[in-house]
Structure formats: structure tokens, C-alpha cells
Amino acid sequence: GNSVTQMEGPVTLSEEAFLTINCTYTATGYPSLFWYVQYPGEGLQLLLKATKADDKGSNKGFEATYRKETTSFHLEKGSVQVSDSAVYFCALRSNQAGTALIFGKGTTLSVSS
Amino acid sequence: DAGVTQSPTHLIKTRGQHVTLRCSPISGHKSVSWYQQVLGQGPQFIFQYYEKEERGRGNFPDRFSARQFPNYSSELNVNALLLGDSALYLCASSLGVTALNQPQHFGDGTRLSIL
């Protein structure tokens, strides 16, 4: 079945460090891929998305490229800020499963000044 | 414009009781989905409704049910509550049900605690 695997957290970084959060997926067909962010006590916010192979999603300095050959969608940011501290979820939505999102377990990012 | 709104924000129940959670989608959105997020895990899909009809169901027992009203708001009902039902329940809305690239917009959730 369809699934998403994220790197285990927590990830602890100093301000201005480079961030990578790995995400790989298993899916039939051609899914759309998403990164969502969840701040403490809040719901999920869409961070970025990519709908086909080689697409690059970007927002607020974050980027992720849809790599079909490696079934990956790794999240990167060149210089993190304290305000980026949150839980990050990789997710897919497959045509086979309608529009339900399938999420990874989440990766907690903690950035210190 | 208002985002997805959920009520109540917090709820405490005891085992065996039932609960009703409510969701109002973004204006113009006709599809509502429900997710359960257990602490430390990613959200798990429960239901999707579009135009008042169930369009998808996740792997949850029959104790879970939902409906959508003519104004596109939705209720999630859970009967015979178990300790394992303690979670954050998230509602998400989107314009329609078929387009893969339509993003789902989430509310802040209802935190349900079962004692």
C-alpha cells in the first residue's frame, strides 16, 4: 500500500545551520507530494507541494524536489531560524486513494539561537 | 476570509461516552475530511465527505461516523469511547474531491482526552 517514511527526529540545529529532513514514499501511480508544518498547539499548515516528477516546491526558504527515480521528497532550507522550530510532516496523495492524505510520522525540528 | 474552524477546542470524556466534533470549512469549499492524530504520530485519515456524500473512509471501526450538512459543515461522531481514542482530531477542507493538486486546509483541531 501507499506509505511515507520520514527520518527520525528530533533534529536539533543552531540558527543559520543547513536543514535536511529526509522523506521517501511508496505509492502506485503518480502521487502528489506535500510538506506540512505543525507549530505547537496548532493544526497543520501546507508548507510546499509538488505534483509531478522533477517539480520543485518552495516556500519561505524551504525547498523540496520530487524525485521519482529515488521515490524521495527531501525538505531543505539553507539557513534555519528559531521560528522554524516545529514538527514537519511529509505526505502524499495518490489518485488511487482519492484525495486522502497519507502522512509520515513527523520530524521535530528544534532550532536554538 | 476565515479558515477552517473546529469546535470545541478541547474536550474531556470518560470511557463509554459518545462525542460530537464540529467543523466549518473555508467558504466555497465543498469537501471536508477528518483525520485522527495520536500524540507523536502523523494524522490518520478517517473520512472524506463531498456534497454531503461519503467519498472515502479510512481504517476505523464503525464507532466512528460522520455527516456533512447542506452548508458543507460537518460533524464527526464517536460512540463507546475508548482510552485509545484520545487524540487531536483534525478537519481539513478543499474545493473539490478529484483534483490531486488541490491542497487541503486544516483547522487547529479538537483535542479529545478520554479518562
# chains A, B, ... in the order shown; residues from 1 in each chain; ligands from 1
call {"tool": "interface_residues", "arguments": {"of": "chain A", "to": "chain B", "cutoff": "12 Å", "atoms": "only C-alpha atoms", "output": "PyMOL selection string"}}
result
chain A and resi 3-6+8-10+29-52+87-108
call {"tool": "write_last_selection", "arguments": {"atoms": "C-alpha atoms", "output": "CSV table (one decimal), in the first residue's frame"}}
result
chain,number,residue,atom,x,y,z
A,3,SER,CA,3.2,4.9,2.7
A,4,VAL,CA,5.5,7.7,3.7
A,5,THR,CA,8.7,7.3,5.7
A,6,GLN,CA,10.5,10.2,7.3
A,8,GLU,CA,13.5,10.0,12.9
A,9,GLY,CA,13.8,13.1,15.0
A,10,PRO,CA,14.3,15.2,16.9
A,29,GLY,CA,0.6,5.7,-9.9
A,30,TYR,CA,1.8,9.3,-9.7
A,31,PRO,CA,1.1,10.8,-6.4
A,32,SER,CA,1.3,14.5,-5.4
A,33,LEU,CA,3.7,15.2,-2.6
A,34,PHE,CA,3.5,17.7,0.2
A,35,TRP,CA,5.3,19.1,3.3
A,36,TYR,CA,3.1,20.3,6.1
A,37,VAL,CA,4.3,22.1,9.3
A,38,GLN,CA,2.7,22.0,12.7
A,39,TYR,CA,3.5,24.6,15.3
A,40,PRO,CA,2.8,23.8,19.0
A,41,GLY,CA,-0.9,23.8,19.8
A,42,GLU,CA,-1.9,24.4,16.2
A,43,GLY,CA,-3.2,22.4,13.2
A,44,LEU,CA,-1.2,21.7,10.0
A,45,GLN,CA,-0.1,24.3,7.6
A,46,LEU,CA,0.8,23.5,4.0
A,47,LEU,CA,4.4,24.4,3.5
A,48,LEU,CA,5.0,23.3,-0.1
A,49,LYS,CA,3.9,20.8,-2.7
A,50,ALA,CA,4.9,19.2,-5.9
A,51,THR,CA,2.6,17.4,-8.3
A,52,LYS,CA,4.8,15.6,-10.8
A,87,VAL,CA,7.0,19.4,13.6
A,88,TYR,CA,7.3,18.7,9.8
A,89,PHE,CA,5.2,16.1,8.1
A,90,CYS,CA,5.8,14.7,4.6
A,91,ALA,CA,2.6,13.5,2.9
A,92,LEU,CA,1.4,12.1,-0.3
A,93,ARG,CA,-2.0,12.0,-2.1
A,94,SER,CA,-2.5,9.3,-4.6
A,95,ASN,CA,-5.1,9.1,-7.3
A,96,GLN,CA,-5.7,5.5,-6.2
A,97,ALA,CA,-6.8,6.6,-2.8
A,98,GLY,CA,-8.9,9.6,-3.7
A,99,THR,CA,-7.8,12.8,-2.1
A,100,ALA,CA,-7.0,11.4,1.4
A,101,LEU,CA,-3.5,12.5,2.5
A,102,ILE,CA,-1.1,9.8,3.8
A,103,PHE,CA,1.3,11.2,6.3
A,104,GLY,CA,4.7,10.3,7.7
A,105,LYS,CA,5.2,10.2,11.4
A,106,GLY,CA,6.6,13.7,11.5
A,107,THR,CA,10.1,15.1,12.4
A,108,THR,CA,10.5,17.5,15.2
call {"tool": "residues_around", "arguments": {"residues": "Thr20 of chain A", "least_positions_apart": "4", "cutoff": "9 Å", "atoms": "only C-alpha atoms", "output": "ChimeraX atom specification"}}
result
/A:74-78
call {"tool": "select_by_dssp", "arguments": {"residues": "segment 41-81 of chain A", "states": "strand (DSSP E)", "output": "ChimeraX atom specification"}}
result
/A:44-50,56-59,62-65,75-77
call {"tool": "residues_around", "arguments": {"residues": "Glu75 of chain B", "least_positions_apart": "3", "cutoff": "6 Å", "atoms": "only C-alpha atoms", "output": "number ranges by chain"}}
result
B: 21-22, 66-67
call {"tool": "atom_distance", "arguments": {"atom1": "atom CA of Ser14 of chain A", "atom2": "atom CA of Ser79 of chain A"}}
result
9.4 Å
call {"tool": "residues_around", "arguments": {"residues": "Ser65 of chain B", "least_positions_apart": "5", "cutoff": "7 Å", "atoms": "only C-alpha atoms", "output": "ChimeraX atom specification"}}
result
/B:76-78
call {"tool": "residues_around", "arguments": {"residues": "Ala17 of chain A", "least_positions_apart": "5", "cutoff": "12 Å", "atoms": "only C-alpha atoms", "output": "list in words"}}
result
Val11, Thr12, Glu76, Lys77, Gly78, Ser79, Val80, Gln81, Val82, Asp84, Leu109, Ser110, Val111, Ser112 and Ser113 of chain A
call {"tool": "residues_around", "arguments": {"residues": "Gly16 of chain B", "least_positions_apart": "3", "cutoff": "10 Å", "atoms": "only C-alpha atoms", "output": "ChimeraX atom specification"}}
result
/B:13,19,78-83,114
call {"tool": "write_last_selection", "arguments": {"atoms": "N, CA and C atoms", "output": "PDB file, in the first residue's frame"}}
result
ATOM      1  N   LYS B  13     -13.757  13.412  28.070  1.00  0.00           N
ATOM      2  CA  LYS B  13     -14.848  12.442  28.177  1.00  0.00           C
ATOM      3  C   LYS B  13     -14.354  11.225  28.970  1.00  0.00           C
ATOM      4  N   VAL B  19     -19.182  11.306  21.614  1.00  0.00           N
ATOM      5  CA  VAL B  19     -18.755  12.683  21.414  1.00  0.00           C
ATOM      6  C   VAL B  19     -19.092  13.128  19.996  1.00  0.00           C
ATOM      7  N   VAL B  78     -18.235   9.888  17.553  1.00  0.00           N
ATOM      8  CA  VAL B  78     -17.555   8.681  18.026  1.00  0.00           C
ATOM      9  C   VAL B  78     -18.348   8.132  19.202  1.00  0.00           C
ATOM     10  N   ASN B  79     -18.760   6.871  19.090  1.00  0.00           N
ATOM     11  CA  ASN B  79     -19.530   6.215  20.149  1.00  0.00           C
ATOM     12  C   ASN B  79     -18.640   5.289  20.978  1.00  0.00           C
ATOM     13  N   ALA B  80     -19.136   4.957  22.162  1.00  0.00           N
ATOM     14  CA  ALA B  80     -18.453   3.979  23.023  1.00  0.00           C
ATOM     15  C   ALA B  80     -16.964   4.281  23.117  1.00  0.00           C
ATOM     16  N   LEU B  81     -16.640   5.467  23.565  1.00  0.00           N
ATOM     17  CA  LEU B  81     -15.252   5.939  23.581  1.00  0.00           C
ATOM     18  C   LEU B  81     -14.331   5.008  24.345  1.00  0.00           C
ATOM     19  N   LEU B  82     -13.136   4.832  23.782  1.00  0.00           N
ATOM     20  CA  LEU B  82     -12.075   4.041  24.398  1.00  0.00           C
ATOM     21  C   LEU B  82     -10.909   4.962  24.736  1.00  0.00           C
ATOM     22  N   LEU B  83     -10.056   4.498  25.656  1.00  0.00           N
ATOM     23  CA  LEU B  83      -8.889   5.300  26.008  1.00  0.00           C
ATOM     24  C   LEU B  83      -8.052   5.627  24.770  1.00  0.00           C
ATOM     25  N   ILE B 114      -9.683  11.092  26.850  1.00  0.00           N
ATOM     26  CA  ILE B 114     -10.586  10.095  27.420  1.00  0.00           C
ATOM     27  C   ILE B 114     -10.016   9.627  28.760  1.00  0.00           C
TER      28      ILE B 114
END
call {"tool": "atom_distance", "arguments": {"atom1": "atom CA of Ser27 of chain B", "atom2": "atom CA of Pro70 of chain B"}}
result
12.9 Å
call {"tool": "atom_distance", "arguments": {"atom1": "atom CA of Asp62 of chain B", "atom2": "atom CA of Thr9 of chain B"}}
result
24.0 Å
